[in-house]
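Peer 1: Next up, query.cif (mmCIF, C-alpha atoms).
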data_run
#
loop_
_atom_site.label_atom_id
_atom_site.label_comp_id
_atom_site.auth_asym_id
_atom_site.auth_seq_id
_atom_site.Cartn_x
_atom_site.Cartn_y
_atom_site.Cartn_z
CA MET A 1 13.94 165.22 -64.07
CA VAL A 2 13.85 161.80 -62.37
CA THR A 3 15.37 161.58 -58.88
CA VAL A 4 17.17 158.29 -58.25
CA ASN A 5 17.49 157.02 -54.69
CA LEU A 6 20.97 155.47 -54.80
CA GLY A 7 20.54 153.86 -51.39
CA MET A 8 17.48 152.00 -52.60
CA LEU A 9 19.36 150.92 -55.74
CA HIS A 10 22.16 149.42 -53.64
CA TYR A 11 19.61 147.64 -51.45
CA ILE A 12 17.81 146.30 -54.53
CA LEU A 13 21.13 145.11 -55.99
CA ASP A 14 21.68 142.98 -52.88
CA HIS A 15 18.18 141.51 -53.20
CA VAL A 16 18.49 140.88 -56.95
CA TYR A 17 21.80 139.11 -56.37
CA GLY A 18 20.30 137.22 -53.43
CA ALA A 19 17.31 136.10 -55.47
CA PHE A 20 19.59 135.07 -58.35
CA MET A 21 21.88 133.09 -56.06
CA HIS A 22 19.51 131.60 -53.54
CA ARG A 23 16.15 131.15 -55.29
CA THR A 24 17.47 129.61 -58.51
CA LYS A 25 18.89 126.10 -58.86
CA MET A 26 22.35 127.37 -59.86
CA SER A 27 23.79 126.24 -56.55
CA PRO A 28 22.51 124.01 -53.75
CA PRO A 29 21.09 125.50 -50.55
CA PHE A 30 22.89 125.67 -47.22
CA PHE A 31 22.46 122.69 -44.84
CA SER A 32 20.95 120.29 -47.38
CA ARG A 33 22.02 117.36 -45.15
CA GLY A 34 20.35 118.65 -42.00
CA TRP A 35 21.55 119.61 -38.56
CA GLY A 36 24.57 117.34 -38.15
CA GLY A 37 23.30 114.98 -35.43
CA THR A 38 25.65 114.39 -32.49
CA LYS A 39 28.21 116.80 -34.00
CA LEU A 40 25.78 119.67 -33.41
CA GLU A 41 25.39 118.71 -29.75
CA LEU A 42 29.19 118.55 -29.38
CA LEU A 43 29.67 121.97 -30.98
CA GLU A 44 26.96 123.60 -28.86
CA ARG A 45 28.85 122.37 -25.78
CA LEU A 46 32.31 123.37 -27.05
CA ILE A 47 31.24 126.89 -28.01
CA SER A 48 29.78 127.50 -24.57
CA GLN A 49 33.25 126.57 -23.22
CA LEU A 50 34.80 129.58 -24.98
CA PHE A 51 34.00 131.65 -21.90
CA PRO A 52 36.35 130.53 -19.09
CA GLU A 53 35.30 131.01 -15.48
CA VAL A 54 38.77 132.36 -14.68
CA GLU A 55 40.24 135.03 -16.97
CA GLY A 56 43.27 133.73 -18.85
CA GLN A 57 42.23 130.09 -18.35
CA ASN A 58 42.23 129.39 -22.10
CA TRP A 59 45.55 131.16 -22.71
CA PRO A 60 48.11 130.65 -24.15
CA PRO A 61 46.71 128.66 -27.09
CA SER A 62 48.48 125.70 -28.63
CA LEU A 63 51.81 126.62 -30.19
CA ILE A 64 51.84 126.31 -33.97
CA GLN A 65 54.89 125.75 -36.16
CA PRO A 66 54.12 126.82 -39.75
CA ILE A 67 56.26 125.39 -42.55
CA TRP A 68 56.97 128.29 -44.92
CA ARG A 69 57.75 128.65 -48.62
CA THR A 70 58.53 131.94 -50.35
CA VAL A 71 56.11 132.84 -53.17
CA TRP A 72 57.93 136.05 -54.21
CA GLU A 73 60.32 138.57 -52.74
CA THR A 74 61.43 142.10 -53.62
CA LYS A 75 63.73 144.60 -51.90
CA SER A 76 60.83 145.99 -49.89
CA ALA A 77 58.39 143.09 -49.31
CA CYS A 78 58.00 139.33 -49.20
CA LEU A 79 55.03 136.97 -49.67
CA ARG A 80 55.22 133.57 -48.03
CA GLU A 81 52.71 130.77 -47.68
CA GLY A 82 52.66 128.53 -44.64
CA VAL A 83 51.04 125.26 -43.59
CA PHE A 84 50.43 124.13 -40.02
CA ARG A 85 48.42 121.49 -38.23
CA THR A 86 45.22 123.01 -36.87
CA PRO A 87 45.62 123.57 -33.10
CA CYS A 88 42.11 122.26 -32.37
CA ASP A 89 41.85 119.71 -29.58
CA GLU A 90 41.06 116.03 -30.22
CA GLN A 91 37.30 116.49 -29.94
CA LEU A 92 37.22 119.24 -32.53
CA LEU A 93 39.73 117.43 -34.73
CA GLY A 94 37.52 114.36 -34.73
CA ALA A 95 34.56 116.44 -35.91
CA LEU A 96 36.52 118.34 -38.61
CA PRO A 97 36.68 116.79 -42.09
CA LEU A 98 40.10 115.30 -42.84
CA GLU A 99 40.63 117.91 -45.58
CA SER A 100 40.49 120.69 -42.96
CA HIS A 101 43.09 119.26 -40.56
CA ASN A 102 45.94 121.29 -42.06
CA ALA A 103 45.58 125.09 -42.02
CA ARG A 104 47.06 127.40 -44.67
CA VAL A 105 48.12 131.03 -44.40
CA ALA A 106 49.57 133.69 -46.69
CA PHE A 107 51.94 136.18 -45.05
CA LEU A 108 52.71 139.50 -46.77
CA VAL A 109 55.44 141.37 -44.91
CA PRO A 110 57.30 144.68 -45.49
CA LYS A 111 61.10 144.33 -45.18
CA LEU A 112 62.29 147.88 -44.50
CA VAL A 113 61.72 147.81 -40.71
CA PRO A 114 62.08 145.01 -38.12
CA PRO A 115 58.92 143.28 -36.77
CA PRO A 116 58.96 145.15 -33.40
CA LYS A 117 58.44 148.39 -35.37
CA MET A 118 55.69 146.82 -37.49
CA ALA A 119 52.05 145.86 -37.07
CA CYS A 120 50.40 142.73 -38.47
CA VAL A 121 46.70 142.09 -39.07
CA VAL A 122 45.21 138.60 -39.37
CA HIS A 123 42.53 138.63 -42.08
CA LEU A 124 39.72 136.08 -41.68
CA ALA A 125 37.57 134.93 -44.59
CA GLY A 126 33.98 135.70 -45.34
CA THR A 127 32.25 132.40 -46.02
CA GLY A 128 32.70 131.49 -49.64
CA ASP A 129 36.14 133.10 -49.96
CA HIS A 130 38.21 130.18 -51.22
CA THR A 131 41.48 132.01 -51.98
CA PHE A 132 44.04 134.37 -50.47
CA GLU A 133 43.90 136.76 -53.43
CA ARG A 134 41.16 139.22 -52.41
CA ARG A 135 42.39 139.73 -48.86
CA LEU A 136 45.98 140.14 -50.06
CA ARG A 137 44.72 142.89 -52.41
CA LEU A 138 43.11 144.57 -49.41
CA GLY A 139 46.33 144.34 -47.39
CA GLY A 140 48.85 145.05 -50.16
CA PRO A 141 48.66 148.88 -50.08
CA LEU A 142 49.19 148.76 -46.29
CA LEU A 143 52.81 147.65 -46.82
CA LYS A 144 53.81 151.30 -47.19
CA GLU A 145 52.35 151.90 -43.69
CA ASN A 146 54.59 149.09 -42.34
CA ILE A 147 51.57 146.88 -41.77
CA ALA A 148 51.92 143.18 -42.58
CA THR A 149 48.96 141.03 -43.66
CA MET A 150 48.39 137.42 -42.61
CA VAL A 151 45.52 135.68 -44.42
CA LEU A 152 43.98 132.50 -43.01
CA GLU A 153 42.23 129.99 -45.25
CA SER A 154 39.07 128.89 -43.45
CA PRO A 155 38.19 125.28 -42.70
CA PHE A 156 35.66 123.97 -45.25
CA TYR A 157 36.97 126.32 -48.00
CA GLY A 158 39.72 126.39 -50.64
CA GLN A 159 42.07 123.43 -50.27
CA ARG A 160 40.36 122.64 -46.94
CA ARG A 161 36.94 122.01 -48.48
CA PRO A 162 35.38 118.57 -47.89
CA MET A 163 35.08 116.46 -51.02
CA LEU A 164 31.26 116.22 -50.86
CA GLN A 165 30.68 119.96 -50.34
CA ARG A 166 29.76 122.01 -53.40
CA GLY A 167 31.20 125.53 -53.37
CA ALA A 168 30.41 127.55 -50.26
CA LYS A 169 27.29 125.63 -49.29
CA LEU A 170 27.99 123.93 -45.97
CA LEU A 171 26.20 120.58 -45.73
CA CYS A 172 25.08 120.69 -42.07
CA VAL A 173 24.33 123.34 -39.45
CA SER A 174 27.04 121.74 -37.31
CA ASP A 175 29.57 122.60 -40.04
CA LEU A 176 28.87 126.31 -39.53
CA LEU A 177 29.58 126.11 -35.79
CA LEU A 178 32.60 123.88 -36.43
CA LEU A 179 34.00 126.34 -38.98
CA GLY A 180 33.63 129.16 -36.47
CA ARG A 181 35.15 127.30 -33.51
CA ALA A 182 38.14 126.08 -35.56
CA THR A 183 38.69 129.53 -37.10
CA ILE A 184 38.77 131.10 -33.63
CA GLU A 185 41.33 128.53 -32.39
CA GLU A 186 43.54 129.00 -35.45
CA ALA A 187 43.37 132.81 -35.39
CA ARG A 188 44.21 132.90 -31.67
CA SER A 189 47.23 130.66 -32.27
CA LEU A 190 48.35 132.87 -35.18
CA LEU A 191 48.15 136.01 -33.01
CA HIS A 192 50.15 134.21 -30.31
CA TRP A 193 52.76 133.20 -32.92
CA LEU A 194 52.97 136.78 -34.28
CA ASP A 195 53.51 138.05 -30.74
CA THR A 196 55.93 135.51 -29.25
CA GLU A 197 57.72 134.03 -32.28
CA ALA A 198 57.70 136.81 -34.89
CA GLY A 199 57.82 139.67 -32.35
CA PHE A 200 55.42 142.18 -33.96
CA GLY A 201 54.93 145.46 -32.09
CA LYS A 202 51.16 145.68 -32.70
CA MET A 203 48.52 143.24 -33.92
CA GLY A 204 45.00 143.26 -35.23
CA VAL A 205 42.30 140.97 -36.58
CA CYS A 206 39.79 141.80 -39.31
CA GLY A 207 37.07 140.04 -41.23
CA LEU A 208 35.35 141.17 -44.41
CA SER A 209 32.49 139.60 -46.30
CA MET A 210 33.66 138.92 -49.85
CA GLY A 211 30.98 140.31 -52.13
CA HIS A 212 32.18 139.43 -55.59
CA THR A 213 32.21 135.68 -55.11
CA LEU A 214 29.06 136.13 -57.19
CA LEU A 215 31.34 135.81 -60.24
CA LYS A 216 31.86 132.17 -59.25
CA PHE A 217 28.15 131.53 -58.62
CA ASP A 218 28.99 130.95 -54.98
CA ALA A 219 27.25 132.24 -51.90
CA PHE A 220 28.93 134.54 -49.46
CA MET A 221 28.15 135.29 -45.87
CA GLU A 222 29.17 137.92 -43.40
CA LEU A 223 30.73 135.69 -40.77
CA GLY A 224 34.36 136.70 -41.33
CA GLY A 225 33.55 139.84 -39.35
CA VAL A 226 31.74 137.87 -36.63
CA HIS A 227 34.76 135.60 -36.18
CA ALA A 228 37.13 138.60 -36.10
CA ALA A 229 35.03 140.21 -33.36
CA MET A 230 35.09 136.98 -31.34
CA VAL A 231 38.88 136.60 -31.66
CA GLY A 232 39.48 140.24 -30.69
CA SER A 233 37.12 139.87 -27.74
CA LEU A 234 38.89 136.80 -26.36
CA HIS A 235 42.47 138.06 -26.79
CA PRO A 236 44.14 138.72 -23.40
CA THR A 237 45.92 141.88 -24.56
CA PRO A 238 44.70 144.82 -26.69
CA VAL A 239 44.48 144.14 -30.43
CA ALA A 240 42.80 146.18 -33.16
CA THR A 241 39.47 144.48 -33.90
CA LEU A 242 37.97 145.30 -37.29
CA PRO A 243 34.70 143.62 -38.34
CA PHE A 244 33.62 144.84 -41.79
CA LEU A 245 30.06 144.46 -43.18
CA SER A 246 29.34 142.20 -40.25
CA PRO A 247 26.20 141.34 -38.23
CA HIS A 248 26.27 140.73 -34.48
CA SER A 249 25.21 137.11 -34.97
CA ALA A 250 24.72 134.43 -37.63
CA VAL A 251 21.02 134.54 -36.69
CA VAL A 252 20.79 137.79 -38.66
CA ALA A 253 22.39 136.24 -41.75
CA PHE A 254 20.24 133.10 -41.89
CA CYS A 255 16.97 134.09 -40.24
CA GLU A 256 16.54 137.76 -41.20
CA GLY A 257 18.72 138.58 -44.21
CA ILE A 258 18.66 137.39 -47.80
CA LEU A 259 20.38 134.09 -46.93
CA LYS A 260 17.15 132.81 -45.38
CA HIS A 261 16.14 132.15 -49.01
CA GLY A 262 19.25 130.00 -49.52
CA THR A 263 18.69 127.67 -46.56
CA ALA A 264 17.28 124.14 -46.91
CA TRP A 265 14.45 124.64 -44.41
CA GLU A 266 12.50 121.61 -45.65
CA ALA A 267 15.52 119.31 -45.27
CA LEU A 268 16.08 120.67 -41.76
CA ARG A 269 12.42 120.06 -40.90
CA GLU A 270 12.59 116.47 -42.19
CA ASP A 271 15.80 115.84 -40.26
CA LEU A 272 14.12 116.96 -37.02
CA ALA A 273 10.96 114.98 -37.80
CA ALA A 274 13.02 111.79 -38.10
CA LYS A 275 14.30 112.25 -34.51
CA GLU A 276 11.59 114.26 -32.77
CA ALA A 277 7.96 115.20 -33.25
CA SER A 278 6.92 116.82 -36.51
CA MET A 279 7.50 120.58 -36.65
CA THR A 280 6.20 123.49 -38.67
CA LEU A 281 8.70 125.51 -40.71
CA GLU A 282 8.30 128.36 -38.25
CA GLU A 283 9.30 126.05 -35.39
CA VAL A 284 12.30 124.91 -37.43
CA ARG A 285 13.36 128.54 -37.91
CA GLU A 286 13.02 129.10 -34.15
CA ARG A 287 15.26 126.08 -33.54
CA MET A 288 17.80 127.62 -35.93
CA ARG A 289 17.64 130.91 -34.03
CA ASN A 290 18.35 129.08 -30.76
CA VAL A 291 21.33 127.21 -32.21
CA LEU A 292 22.84 130.23 -33.95
CA SER A 293 22.40 132.40 -30.86
CA LEU A 294 25.72 130.79 -29.84
CA THR A 295 27.35 133.07 -32.43
CA ASP A 296 25.98 136.26 -30.82
CA VAL A 297 29.05 138.47 -30.35
CA THR A 298 27.24 140.65 -27.80
CA ARG A 299 27.56 137.69 -25.37
CA PHE A 300 31.35 137.86 -25.64
CA PRO A 301 33.59 139.90 -23.30
CA ILE A 302 34.36 143.53 -24.16
CA PRO A 303 37.80 143.67 -25.86
CA LYS A 304 40.71 144.91 -23.74
CA ASN A 305 40.86 148.18 -25.72
CA PRO A 306 37.39 148.89 -27.13
CA ASN A 307 38.67 152.17 -28.64
CA ALA A 308 40.64 150.02 -31.10
CA VAL A 309 37.41 148.35 -32.31
CA ILE A 310 36.11 149.86 -35.57
CA PHE A 311 33.05 148.45 -37.33
CA VAL A 312 32.52 149.46 -40.96
CA ALA A 313 28.93 149.00 -42.11
CA ALA A 314 26.92 149.85 -45.24
CA THR A 315 24.00 152.29 -45.19
CA ASP A 316 21.76 150.19 -47.45
CA ASP A 317 22.85 146.61 -46.78
CA GLY A 318 20.31 144.00 -47.85
CA TYR A 319 22.12 141.33 -45.81
CA ILE A 320 22.90 143.20 -42.57
CA PRO A 321 20.20 145.41 -41.00
CA LYS A 322 21.42 148.55 -39.23
CA HIS A 323 20.04 147.43 -35.86
CA SER A 324 22.45 144.48 -35.89
CA VAL A 325 25.52 146.72 -36.25
CA LEU A 326 24.27 149.10 -33.58
CA GLU A 327 23.75 146.20 -31.15
CA LEU A 328 27.47 145.47 -31.42
CA GLN A 329 28.42 149.07 -30.72
CA LYS A 330 26.06 149.20 -27.74
CA ALA A 331 27.53 145.99 -26.30
CA TRP A 332 31.09 147.32 -26.59
CA PRO A 333 31.10 150.93 -25.29
CA GLY A 334 33.99 152.92 -26.75
CA SER A 335 33.90 151.11 -30.10
CA GLU A 336 33.25 153.06 -33.31
CA VAL A 337 30.89 152.44 -36.23
CA ARG A 338 31.76 153.95 -39.62
CA TRP A 339 29.13 153.99 -42.37
CA VAL A 340 29.91 153.70 -46.07
CA THR A 341 27.31 154.53 -48.69
CA GLY A 342 26.06 151.45 -50.50
CA GLY A 343 24.72 147.94 -50.22
CA HIS A 344 26.57 144.79 -49.21
CA VAL A 345 27.86 143.83 -52.68
CA SER A 346 28.65 147.38 -53.84
CA SER A 347 30.44 148.28 -50.59
CA PHE A 348 32.85 145.41 -50.95
CA LEU A 349 33.60 146.48 -54.52
CA LEU A 350 33.81 150.25 -53.95
CA HIS A 351 35.04 150.93 -50.41
CA ASN A 352 38.33 149.09 -49.94
CA GLY A 353 39.96 152.43 -49.14
CA GLU A 354 37.61 152.89 -46.16
CA PHE A 355 38.40 149.39 -44.91
CA ARG A 356 42.14 150.08 -45.12
CA LYS A 357 41.73 153.41 -43.29
CA ALA A 358 39.90 151.63 -40.47
CA ILE A 359 42.77 149.12 -40.19
CA VAL A 360 45.34 151.94 -39.97
CA ASP A 361 43.27 153.93 -37.47
CA GLY A 362 42.52 150.90 -35.26
CA LEU A 363 46.24 150.06 -35.04
CA HIS A 364 47.12 153.71 -34.27
CA ARG A 365 44.90 153.46 -31.18
CA LEU A 366 47.14 150.75 -29.69
CA GLU A 367 50.31 151.24 -27.68
CA TRP A 368 53.51 149.68 -29.01
CA LYS A 369 54.77 146.73 -27.03
CA GLU A 370 57.44 147.85 -24.54
CA SER A 371 60.14 145.81 -26.26
CA SER A 372 59.47 147.68 -29.53
CA LEU A 373 60.20 151.15 -28.09
#
What do you get writing this file as structure tokens?
Peer 2:
Amino acid sequence: MVTVNLGMLHYILDHVYGAFMHRTKMSPPFFSRGWGGTKLELLERLISQLFPEVEGQNWPPSLIQPIWRTVWETKSACLREGVFRTPCDEQLLGALPLESHNARVAFLVPKLVPPPKMACVVHLAGTGDHTFERRLRLGGPLLKENIATMVLESPFYGQRRPMLQRGAKLLCVSDLLLLGRATIEEARSLLHWLDTEAGFGKMGVCGLSMGHTLLKFDAFMELGGVHAAMVGSLHPTPVATLPFLSPHSAVVAFCEGILKHGTAWEALREDLAAKEASMTLEEVRERMRNVLSLTDVTRFPIPKNPNAVIFVAATDDGYIPKHSVLELQKAWPGSEVRWVTGGHVSSFLLHNGEFRKAIVDGLHRLEWKESSL
């Protein structure tokens, strides 16, 4: 009788998929146009400004005013789609591609109870998730728990994708930082809108890497969870914070995990050589580590209610090493890590029930707003 190590099979599946996606010519590599020049310098400065010297200095965020249309409606639920101008300031707006200036959201809401008796979770995209569909499928069954789902379309993806960008493959390193900074601003404004305009009794933010973009020959990354952790960390009041299949930093994704094989290291080296002294590929990778260290969530403040932070990670993830998940838990005492059996791709496909349970449990650990009692 042959004993099969399922964990190793899941891990191998991630690597087979990674090799198929990132070592073949079926799609271009990440950052084929280099670092992004002065945009990268701007973004490095703007991201460091996320941490105000005085608590509450960056709050409230810009008020947004979504324009809504109803997609469908039943007796018990309603799906609407909204468009709003990104709340990014003029510097960020100038760096964003024109296609990304307007943000889009889908809003799935139960109708049987008023918003003060309901919770709503903002779902952020894993890189390469161009549609609302997958995250709405994750949130749909939560309607019966009186949990609404708001899905944000990321800058650089879906209808917000720049004309020259192919699929998920961002053209410059600066685009990755710009995507993150804009996503944080938009998610913070959405949470503020849900609180002050819609009047929800509880709120949360989650991010899940979307594994089966492989059907579209697109890459995916794990940064939806990183962005969710950042947004939850910076929120001035307790929110459920739910990073799924997420590393503690983009460094892990691009410099340690499978995506290092899908990065245009030679183009990045040539871009640096044109401006500075010639570098070895190892020096280029070290430069990348330094830049992406800005995305290290362990540098962010501990969320206001760390008990409402639940990480869900995979036991045999070829993209996210276990040490990265445990660094997050160590940085935020009181948070919880839940392990699902599988690799990165298989966990997305097989464990939606575990992700939904984490959403429900994280929200249960919050107090209702006083006005909703």
Peer 1: With distances taken over only C-alpha atoms, which of A:Ala168, A:Leu234, A:Met279, A:Val151 is nearest to A:Ile302?
Peer 2: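 Using only C-alpha atoms, A:Ile302 sits closest to A:Leu234.
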Peer 1: May I ask which of the residues A:Glu73, A:Glu256, A:Glu81, A:Asp89 is the closest one to A:Leu46, counting all atoms listed in the file?
Peer 2: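 Of A:Glu73, A:Glu256, A:Glu81, A:Asp89, the one nearest A:Leu46 is A:Asp89, counting all atoms listed in the file.
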Peer 1: Once the PyMOL selection byres ((chain A and resi 131-139) around 7) has been applied to the shown file, what residues remain in the selection, as a list of chain:residue names?
Peer 2: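 Those residues are A:Ala106, A:His123, A:Asp129, A:His130, A:Gly140, A:Pro141, A:Leu142, A:Thr149, A:Val151, A:Gly158, A:Asn352.
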Peer 1: Residues at most 10 Å from A:Ser76, counting all atoms listed in the file, excluding those fewer than 2 positions away in the same chain, as a list in words?
Peer 2: Glu73, Thr74, Cys78, Val109, Pro110, Lys111, Leu112, Val113, Leu143 and Lys144 of chain A
Peer 1: Restricting the calculation to all atoms listed in the file, which member of A:Gln65, A:Gln49, A:Ser335, A:Ser174 is positioned closest to A:Leu96?
Peer 2: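 So, comparing all the options, the nearest one is A:Ser174.
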Peer 1: If you apply the PyMOL selection byres ((chain A and resi 80) around 10) to this file, what residues do you get, as a ChimeraX atom specification?
Peer 2: /A:67-73,78-79,81-82,105-109,150
Peer 1: One number please: atom CA of A:Trp339 to atom CA of A:Thr315, in Å, one decimal.
Peer 2: 6.1 Å
Peer 1: Which polymer residues, protein or nucleic acid, are no farther than 10 Å from (33.2, 117.4, -36.4), counting all atoms listed in the file, as a ChimeraX atom specification?
Peer 2: /A:36,38-40,42-43,91-98,174-175,177-179
Peer 1: Expressed in Å to a single decimal, how great is the separation between atom CA of A:Pro155 and atom CA of A:Ser100?
Peer 2: 5.1 Å
Peer 1: Tell me which of A:Arg160, A:Val312, A:Trp35, A:Leu124 sits closest to A:Val291, counting all atoms listed in the file.
Peer 2: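 Once distances to A:Val291 are computed over all atoms listed in the file, the minimum belongs to A:Trp35.
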Peer 1: Any idea what the distance is between atom CA of A:Glu44 and atom CA of A:Thr295?
Peer 2: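 Taking atom CA of A:Glu44 as the start and atom CA of A:Thr295 as the end point, the length is 10.1 Å.
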Peer 1: Using all atoms listed in the file, which of A:Tyr157, A:Arg365, A:Pro60, A:Leu171 sits nearest A:Gly204?
Peer 2: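 The shortest atom-to-atom distance to A:Gly204 comes from A:Arg365.
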Peer 1: Generate the missing atoms of stretch 272-280 of chain A up to all heavy atoms and report them as an mmCIF file, in the coordinates of the input.
Peer 2:
data_model
loop_
_atom_site.group_PDB
_atom_site.id
_atom_site.type_symbol
_atom_site.label_atom_id
_atom_site.label_comp_id
_atom_site.auth_asym_id
_atom_site.auth_seq_id
_atom_site.Cartn_x
_atom_site.Cartn_y
_atom_site.Cartn_z
ATOM 1 N N LEU A 272 14.667 116.910 -38.380
ATOM 2 C CA LEU A 272 14.120 116.960 -37.020
ATOM 3 C C LEU A 272 12.967 115.983 -36.845
ATOM 4 O O LEU A 272 12.845 115.323 -35.804
ATOM 5 C CB LEU A 272 13.634 118.384 -36.705
ATOM 6 C CG LEU A 272 14.697 119.428 -36.370
ATOM 7 C CD1 LEU A 272 14.052 120.792 -36.209
ATOM 8 C CD2 LEU A 272 15.453 119.051 -35.103
ATOM 9 N N ALA A 273 12.127 115.856 -37.884
ATOM 10 C CA ALA A 273 10.960 114.980 -37.800
ATOM 11 C C ALA A 273 11.376 113.520 -37.651
ATOM 12 O O ALA A 273 10.652 112.718 -37.026
ATOM 13 C CB ALA A 273 10.082 115.159 -39.039
ATOM 14 N N ALA A 274 12.536 113.170 -38.194
ATOM 15 C CA ALA A 274 13.020 111.790 -38.100
ATOM 16 C C ALA A 274 13.455 111.443 -36.671
ATOM 17 O O ALA A 274 13.489 110.273 -36.296
ATOM 18 C CB ALA A 274 14.188 111.581 -39.057
ATOM 19 N N LYS A 275 13.792 112.476 -35.876
ATOM 20 C CA LYS A 275 14.300 112.250 -34.510
ATOM 21 C C LYS A 275 13.306 112.679 -33.441
ATOM 22 O O LYS A 275 13.290 112.148 -32.341
ATOM 23 C CB LYS A 275 15.612 113.018 -34.311
ATOM 24 C CG LYS A 275 16.709 112.685 -35.303
ATOM 25 C CD LYS A 275 17.950 113.510 -35.018
ATOM 26 C CE LYS A 275 19.035 113.288 -36.055
ATOM 27 N NZ LYS A 275 18.690 113.855 -37.363
ATOM 28 N N GLU A 276 12.508 113.697 -33.769
ATOM 29 C CA GLU A 276 11.590 114.260 -32.770
ATOM 30 C C GLU A 276 10.183 114.313 -33.375
ATOM 31 O O GLU A 276 9.913 113.744 -34.419
ATOM 32 C CB GLU A 276 12.056 115.674 -32.378
ATOM 33 C CG GLU A 276 13.507 115.742 -31.914
ATOM 34 C CD GLU A 276 14.012 117.176 -31.793
ATOM 35 O OE1 GLU A 276 13.171 118.096 -31.723
ATOM 36 O OE2 GLU A 276 15.236 117.358 -31.780
ATOM 37 N N ALA A 277 9.314 115.027 -32.710
ATOM 38 C CA ALA A 277 7.960 115.200 -33.250
ATOM 39 C C ALA A 277 8.007 116.106 -34.475
ATOM 40 O O ALA A 277 8.946 116.883 -34.658
ATOM 41 C CB ALA A 277 7.067 115.819 -32.173
ATOM 42 N N SER A 278 6.996 115.983 -35.311
ATOM 43 C CA SER A 278 6.920 116.820 -36.510
ATOM 44 C C SER A 278 6.813 118.293 -36.123
ATOM 45 O O SER A 278 6.185 118.645 -35.119
ATOM 46 C CB SER A 278 5.693 116.409 -37.326
ATOM 47 O OG SER A 278 5.632 117.164 -38.510
ATOM 48 N N MET A 279 7.475 119.145 -36.939
ATOM 49 C CA MET A 279 7.500 120.580 -36.650
ATOM 50 C C MET A 279 7.041 121.380 -37.846
ATOM 51 O O MET A 279 7.215 120.959 -38.984
ATOM 52 C CB MET A 279 8.932 121.030 -36.300
ATOM 53 C CG MET A 279 9.418 120.614 -34.929
ATOM 54 S SD MET A 279 11.003 121.435 -34.572
ATOM 55 C CE MET A 279 11.240 120.980 -32.871
ATOM 56 N N THR A 280 6.495 122.558 -37.583
ATOM 57 C CA THR A 280 6.200 123.490 -38.670
ATOM 58 C C THR A 280 7.509 124.167 -39.086
ATOM 59 O O THR A 280 8.500 124.151 -38.337
ATOM 60 C CB THR A 280 5.201 124.564 -38.219
ATOM 61 O OG1 THR A 280 5.828 125.375 -37.213
ATOM 62 C CG2 THR A 280 3.931 123.936 -37.665
#
